[in-house]
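See below for the structure under consideration.
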Amino acid sequence: MSHEIGKKLYNQQILIKAGRILTMMNRSRTGYHSSAQYPHQPAWNKKDVGQLAQALAQILDSSLTIPGTSIRIGLDPLLGLIPGIGDLISNAIGSSLLFLATKAGVPRIVILRMSLNIVINMVLGAIPVIGDLFSIWFKSNLQNAQLLHRHCQTTDPVTTLIDWVYVSSIVIGMLLLLVTTCAFLFWLGSSLLRLLGLTE
């Protein structure tokens, strides 16, 4: 009984955080007017960014419980089950945490560490079955959200154009790496099948 109550409370927390995402997205669209009326109150502050990152990470890594176990998973490993584009979609969504980190003015060394977590999850996650199990254990998005949360306890965000270019370059590079890895695995699988005489 207590387990069911705890599960309902957790699901309510997920819904509340999802509502915060919509609220903060709406705030970002109306940020110009808010800033004009209240010049000392930024449309986005570090607390908002940290909460958005945490909510997104939970949806990707721990929004569901495997029935009969205490193991929590999210959309990340489930999307990874989609052949071909599953890993690309999940890592593209996870990469949005890098843009949130830039929005929060996170130092580049922290962004580099977050990028490394995504690259590890991307490369190993591309391995069929084993990669999905690794993603469930590694939870790169939650790790990155925690890194971002720790930085968001400080002052208001300060970002520059160089920061945005830096993060955009990392994201593009990671997506290219993922596409290259998938293409290599496809080529390797096709070569093995031809070697075994299973295909023409």
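Each chain of the structure tokens is named A, B, ... in the order shown, its residues numbered from 1; ligands are numbered from 1 in display order.
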
Counting only C-alpha atoms, what is within 12 Å of A:Ile127, bar same-chain residues fewer than 3 positions away, as a PDB file with N, CA and C atoms, in the first residue's frame?
ATOM      1  N   PRO A  77      16.499   4.974 -22.846  1.00  0.00           N
ATOM      2  CA  PRO A  77      16.703   3.601 -23.320  1.00  0.00           C
ATOM      3  C   PRO A  77      15.548   3.096 -24.188  1.00  0.00           C
ATOM      4  N   GLY A  80      16.110   4.281 -27.578  1.00  0.00           N
ATOM      5  CA  GLY A  80      17.238   3.548 -28.136  1.00  0.00           C
ATOM      6  C   GLY A  80      16.843   2.242 -28.789  1.00  0.00           C
ATOM      7  N   LEU A  81      15.632   1.745 -28.483  1.00  0.00           N
ATOM      8  CA  LEU A  81      15.163   0.497 -29.087  1.00  0.00           C
ATOM      9  C   LEU A  81      14.684   0.694 -30.522  1.00  0.00           C
ATOM     10  N   PRO A  83      15.201   1.162 -34.169  1.00  0.00           N
ATOM     11  CA  PRO A  83      16.363   0.936 -35.045  1.00  0.00           C
ATOM     12  C   PRO A  83      16.734   2.181 -35.844  1.00  0.00           C
ATOM     13  N   GLY A  84      17.995   2.428 -35.921  1.00  0.00           N
ATOM     14  CA  GLY A  84      18.495   3.510 -36.778  1.00  0.00           C
ATOM     15  C   GLY A  84      18.478   4.881 -36.141  1.00  0.00           C
ATOM     16  N   GLY A  86      16.714   5.866 -33.223  1.00  0.00           N
ATOM     17  CA  GLY A  86      16.384   5.949 -31.798  1.00  0.00           C
ATOM     18  C   GLY A  86      17.460   6.628 -30.980  1.00  0.00           C
ATOM     19  N   ASP A  87      18.702   6.176 -31.148  1.00  0.00           N
ATOM     20  CA  ASP A  87      19.821   6.771 -30.406  1.00  0.00           C
ATOM     21  C   ASP A  87      20.036   8.222 -30.812  1.00  0.00           C
ATOM     22  N   ILE A 120      29.975   9.361 -24.051  1.00  0.00           N
ATOM     23  CA  ILE A 120      30.079   7.986 -23.530  1.00  0.00           C
ATOM     24  C   ILE A 120      28.760   7.248 -23.721  1.00  0.00           C
ATOM     25  N   ASN A 121      27.669   7.918 -23.356  1.00  0.00           N
ATOM     26  CA  ASN A 121      26.348   7.298 -23.499  1.00  0.00           C
ATOM     27  C   ASN A 121      26.002   7.069 -24.969  1.00  0.00           C
ATOM     28  N   MET A 122      26.436   7.991 -25.831  1.00  0.00           N
ATOM     29  CA  MET A 122      26.143   7.901 -27.254  1.00  0.00           C
ATOM     30  C   MET A 122      26.878   6.735 -27.908  1.00  0.00           C
ATOM     31  N   VAL A 123      28.177   6.630 -27.637  1.00  0.00           N
ATOM     32  CA  VAL A 123      28.985   5.607 -28.299  1.00  0.00           C
ATOM     33  C   VAL A 123      28.624   4.216 -27.796  1.00  0.00           C
ATOM     34  N   LEU A 124      28.599   4.042 -26.470  1.00  0.00           N
ATOM     35  CA  LEU A 124      28.284   2.721 -25.917  1.00  0.00           C
ATOM     36  C   LEU A 124      26.807   2.383 -26.093  1.00  0.00           C
ATOM     37  N   ILE A 130      23.266  -4.290 -25.294  1.00  0.00           N
ATOM     38  CA  ILE A 130      24.242  -3.909 -24.275  1.00  0.00           C
ATOM     39  C   ILE A 130      24.209  -2.398 -24.055  1.00  0.00           C
ATOM     40  N   GLY A 131      24.086  -1.645 -25.140  1.00  0.00           N
ATOM     41  CA  GLY A 131      24.046  -0.188 -25.039  1.00  0.00           C
ATOM     42  C   GLY A 131      22.831   0.297 -24.270  1.00  0.00           C
ATOM     43  N   ASP A 132      21.684  -0.351 -24.467  1.00  0.00           N
ATOM     44  CA  ASP A 132      20.468   0.041 -23.743  1.00  0.00           C
ATOM     45  C   ASP A 132      20.607  -0.235 -22.253  1.00  0.00           C
ATOM     46  N   LEU A 133      21.199  -1.392 -21.907  1.00  0.00           N
ATOM     47  CA  LEU A 133      21.435  -1.718 -20.503  1.00  0.00           C
ATOM     48  C   LEU A 133      22.412  -0.724 -19.873  1.00  0.00           C
ATOM     49  N   PHE A 134      23.424  -0.332 -20.645  1.00  0.00           N
ATOM     50  CA  PHE A 134      24.394   0.644 -20.146  1.00  0.00           C
ATOM     51  C   PHE A 134      23.725   1.989 -19.886  1.00  0.00           C
ATOM     52  N   SER A 135      22.844   2.413 -20.798  1.00  0.00           N
ATOM     53  CA  SER A 135      22.145   3.689 -20.633  1.00  0.00           C
ATOM     54  C   SER A 135      21.288   3.703 -19.377  1.00  0.00           C
ATOM     55  N   LEU A 178      27.806  10.249 -33.797  1.00  0.00           N
ATOM     56  CA  LEU A 178      26.784   9.215 -33.679  1.00  0.00           C
ATOM     57  C   LEU A 178      26.416   8.654 -35.038  1.00  0.00           C
ATOM     58  N   THR A 181      29.204   6.456 -36.203  1.00  0.00           N
ATOM     59  CA  THR A 181      29.220   5.197 -35.464  1.00  0.00           C
ATOM     60  C   THR A 181      28.136   4.252 -35.965  1.00  0.00           C
ATOM     61  N   CYS A 182      26.922   4.780 -36.177  1.00  0.00           N
ATOM     62  CA  CYS A 182      25.810   3.958 -36.678  1.00  0.00           C
ATOM     63  C   CYS A 182      26.125   3.423 -38.079  1.00  0.00           C
ATOM     64  N   PHE A 184      29.091   2.893 -39.321  1.00  0.00           N
ATOM     65  CA  PHE A 184      30.137   1.872 -39.199  1.00  0.00           C
ATOM     66  C   PHE A 184      29.557   0.549 -38.711  1.00  0.00           C
ATOM     67  N   LEU A 185      28.655   0.607 -37.718  1.00  0.00           N
ATOM     68  CA  LEU A 185      28.048  -0.631 -37.210  1.00  0.00           C
ATOM     69  C   LEU A 185      27.204  -1.302 -38.289  1.00  0.00           C
ATOM     70  N   PHE A 186      26.504  -0.491 -39.084  1.00  0.00           N
ATOM     71  CA  PHE A 186      25.698  -1.049 -40.183  1.00  0.00           C
ATOM     72  C   PHE A 186      26.608  -1.720 -41.209  1.00  0.00           C
ATOM     73  N   GLY A 189      27.985  -4.948 -39.692  1.00  0.00           N
ATOM     74  CA  GLY A 189      26.980  -6.012 -39.672  1.00  0.00           C
ATOM     75  C   GLY A 189      26.732  -6.585 -41.052  1.00  0.00           C
TER      76      GLY A 189
END

Report as a list of chain:residue names: the residues of stretch 24-179 of chain A with a DSSP assignment of strand (DSSP E), based on the backbone of this structure.
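Strand (DSSP E) members of stretch 24-179 of chain A, listed: A:Leu64, A:Thr65, A:Arg72, A:Ile73.
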
For the selection just defined, write its residues with C-alpha atoms to a file, as a compact mmCIF listing (two decimals), in the first residue's frame.
# COMPACT_ATOMS: atom_id res chain seq x y z
CA LEU A 64 9.22 4.88 -15.24
CA THR A 65 9.73 1.83 -13.03
CA ARG A 72 13.91 3.17 -12.88
CA ILE A 73 14.21 3.94 -16.58

Identify, on the basis of only C-alpha atoms, every residue whose closest approach to A:Ile162 does not exceed 12 Å; exclude the query and any residue fewer than 5 positions from it along the same chain; express the result as a list in words.
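That gives Thr102, Gly105, Pro107, Arg108, Val167, Ser168 and Ser169 of chain A.
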
Tell me, in Å to one decimal, how far atom CA of A:Leu75 is from atom CA of A:Asp61.
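That distance, rounded to one decimal, is 6.5 Å.
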
Between A:Met114, A:Leu192, A:Val171, A:Val165, which is the closest to A:Ser140 once you count only C-alpha atoms?
A:Met114

Within 8 Å of A:Leu148 using only C-alpha atoms, minus same-chain residues under 4 positions, as an MDAnalysis selection string:
chainID A and resid 50 53 101 106 144 152

Can you spit out the residues from that selection as a CSV table (one decimal), in the first residue's frame, using C-alpha atoms?
chain,number,residue,atom,x,y,z
A,50,GLY,CA,18.2,24.1,-13.0
A,53,ALA,CA,17.2,20.5,-16.6
A,101,ALA,CA,24.0,24.9,-19.3
A,106,VAL,CA,28.1,27.3,-16.8
A,144,ASN,CA,24.5,16.3,-16.3
A,152,CYS,CA,22.9,27.0,-10.6

Separation of atom CA of A:Ile172 and atom CA of A:Phe99, in Å?
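Those two atoms sit 12.2 Å apart.
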
Would you compute the distance between atom CA of A:Gln58 and atom CA of A:Leu97? Give it in Å to one decimal.
12.1 Å

Please identify which residues in stretch 121-195 of chain A DSSP calls helix (DSSP H, G or I) from the backbone, and express them as an NGL selection string.
:A and (121-125 or 130-138 or 140-151 or 161-195)

Produce a file of the selected residues containing C-alpha atoms, as a PDB file, in the first residue's frame.
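As written to disk, again01.pdb reads:
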ATOM      1  CA  ASN A 121      26.348   7.298 -23.499  1.00  0.00           C
ATOM      2  CA  MET A 122      26.143   7.901 -27.254  1.00  0.00           C
ATOM      3  CA  VAL A 123      28.985   5.607 -28.299  1.00  0.00           C
ATOM      4  CA  LEU A 124      28.284   2.721 -25.917  1.00  0.00           C
ATOM      5  CA  GLY A 125      24.530   3.184 -26.256  1.00  0.00           C
ATOM      6  CA  ILE A 130      24.242  -3.909 -24.275  1.00  0.00           C
ATOM      7  CA  GLY A 131      24.046  -0.188 -25.039  1.00  0.00           C
ATOM      8  CA  ASP A 132      20.468   0.041 -23.743  1.00  0.00           C
ATOM      9  CA  LEU A 133      21.435  -1.718 -20.503  1.00  0.00           C
ATOM     10  CA  PHE A 134      24.394   0.644 -20.146  1.00  0.00           C
ATOM     11  CA  SER A 135      22.145   3.689 -20.633  1.00  0.00           C
ATOM     12  CA  ILE A 136      19.824   2.457 -17.873  1.00  0.00           C
ATOM     13  CA  TRP A 137      22.787   2.149 -15.490  1.00  0.00           C
ATOM     14  CA  PHE A 138      24.806   5.212 -16.557  1.00  0.00           C
ATOM     15  CA  SER A 140      24.007  10.480 -18.372  1.00  0.00           C
ATOM     16  CA  ASN A 141      21.160  12.994 -18.345  1.00  0.00           C
ATOM     17  CA  LEU A 142      20.694  12.836 -14.572  1.00  0.00           C
ATOM     18  CA  GLN A 143      24.454  13.206 -14.104  1.00  0.00           C
ATOM     19  CA  ASN A 144      24.462  16.295 -16.303  1.00  0.00           C
ATOM     20  CA  ALA A 145      21.420  17.744 -14.539  1.00  0.00           C
ATOM     21  CA  GLN A 146      23.231  17.367 -11.198  1.00  0.00           C
ATOM     22  CA  LEU A 147      26.299  19.136 -12.579  1.00  0.00           C
ATOM     23  CA  LEU A 148      24.091  21.945 -13.846  1.00  0.00           C
ATOM     24  CA  HIS A 149      22.145  22.125 -10.572  1.00  0.00           C
ATOM     25  CA  ARG A 150      25.318  22.575  -8.524  1.00  0.00           C
ATOM     26  CA  HIS A 151      26.378  25.507 -10.697  1.00  0.00           C
ATOM     27  CA  LEU A 161      28.284  34.489 -28.222  1.00  0.00           C
ATOM     28  CA  ILE A 162      31.472  32.417 -27.927  1.00  0.00           C
ATOM     29  CA  ASP A 163      29.758  30.174 -25.363  1.00  0.00           C
ATOM     30  CA  TRP A 164      26.852  29.509 -27.746  1.00  0.00           C
ATOM     31  CA  VAL A 165      29.221  28.781 -30.643  1.00  0.00           C
ATOM     32  CA  TYR A 166      31.251  26.472 -28.388  1.00  0.00           C
ATOM     33  CA  VAL A 167      28.223  24.439 -27.275  1.00  0.00           C
ATOM     34  CA  SER A 168      26.704  24.333 -30.779  1.00  0.00           C
ATOM     35  CA  SER A 169      29.994  22.973 -32.138  1.00  0.00           C
ATOM     36  CA  ILE A 170      30.048  20.258 -29.478  1.00  0.00           C
ATOM     37  CA  VAL A 171      26.461  19.212 -30.227  1.00  0.00           C
ATOM     38  CA  ILE A 172      27.046  19.109 -34.003  1.00  0.00           C
ATOM     39  CA  GLY A 173      30.258  17.140 -33.466  1.00  0.00           C
ATOM     40  CA  MET A 174      28.506  14.610 -31.234  1.00  0.00           C
ATOM     41  CA  LEU A 175      25.677  14.117 -33.725  1.00  0.00           C
ATOM     42  CA  LEU A 176      28.188  13.588 -36.529  1.00  0.00           C
ATOM     43  CA  LEU A 177      30.027  11.082 -34.330  1.00  0.00           C
ATOM     44  CA  LEU A 178      26.784   9.215 -33.679  1.00  0.00           C
ATOM     45  CA  VAL A 179      25.895   9.089 -37.380  1.00  0.00           C
ATOM     46  CA  THR A 180      29.408   7.849 -38.195  1.00  0.00           C
ATOM     47  CA  THR A 181      29.220   5.197 -35.464  1.00  0.00           C
ATOM     48  CA  CYS A 182      25.810   3.958 -36.678  1.00  0.00           C
ATOM     49  CA  ALA A 183      27.057   3.846 -40.275  1.00  0.00           C
ATOM     50  CA  PHE A 184      30.137   1.872 -39.199  1.00  0.00           C
ATOM     51  CA  LEU A 185      28.048  -0.631 -37.210  1.00  0.00           C
ATOM     52  CA  PHE A 186      25.698  -1.049 -40.183  1.00  0.00           C
ATOM     53  CA  TRP A 187      28.660  -1.615 -42.513  1.00  0.00           C
ATOM     54  CA  LEU A 188      30.227  -4.071 -40.064  1.00  0.00           C
ATOM     55  CA  GLY A 189      26.980  -6.012 -39.672  1.00  0.00           C
ATOM     56  CA  SER A 190      26.436  -6.163 -43.438  1.00  0.00           C
ATOM     57  CA  SER A 191      30.013  -7.334 -43.982  1.00  0.00           C
ATOM     58  CA  LEU A 192      29.643 -10.121 -41.415  1.00  0.00           C
ATOM     59  CA  LEU A 193      26.386 -11.268 -42.976  1.00  0.00           C
ATOM     60  CA  ARG A 194      28.010 -11.379 -46.424  1.00  0.00           C
ATOM     61  CA  LEU A 195      30.994 -13.222 -44.972  1.00  0.00           C
TER      62      LEU A 195
END
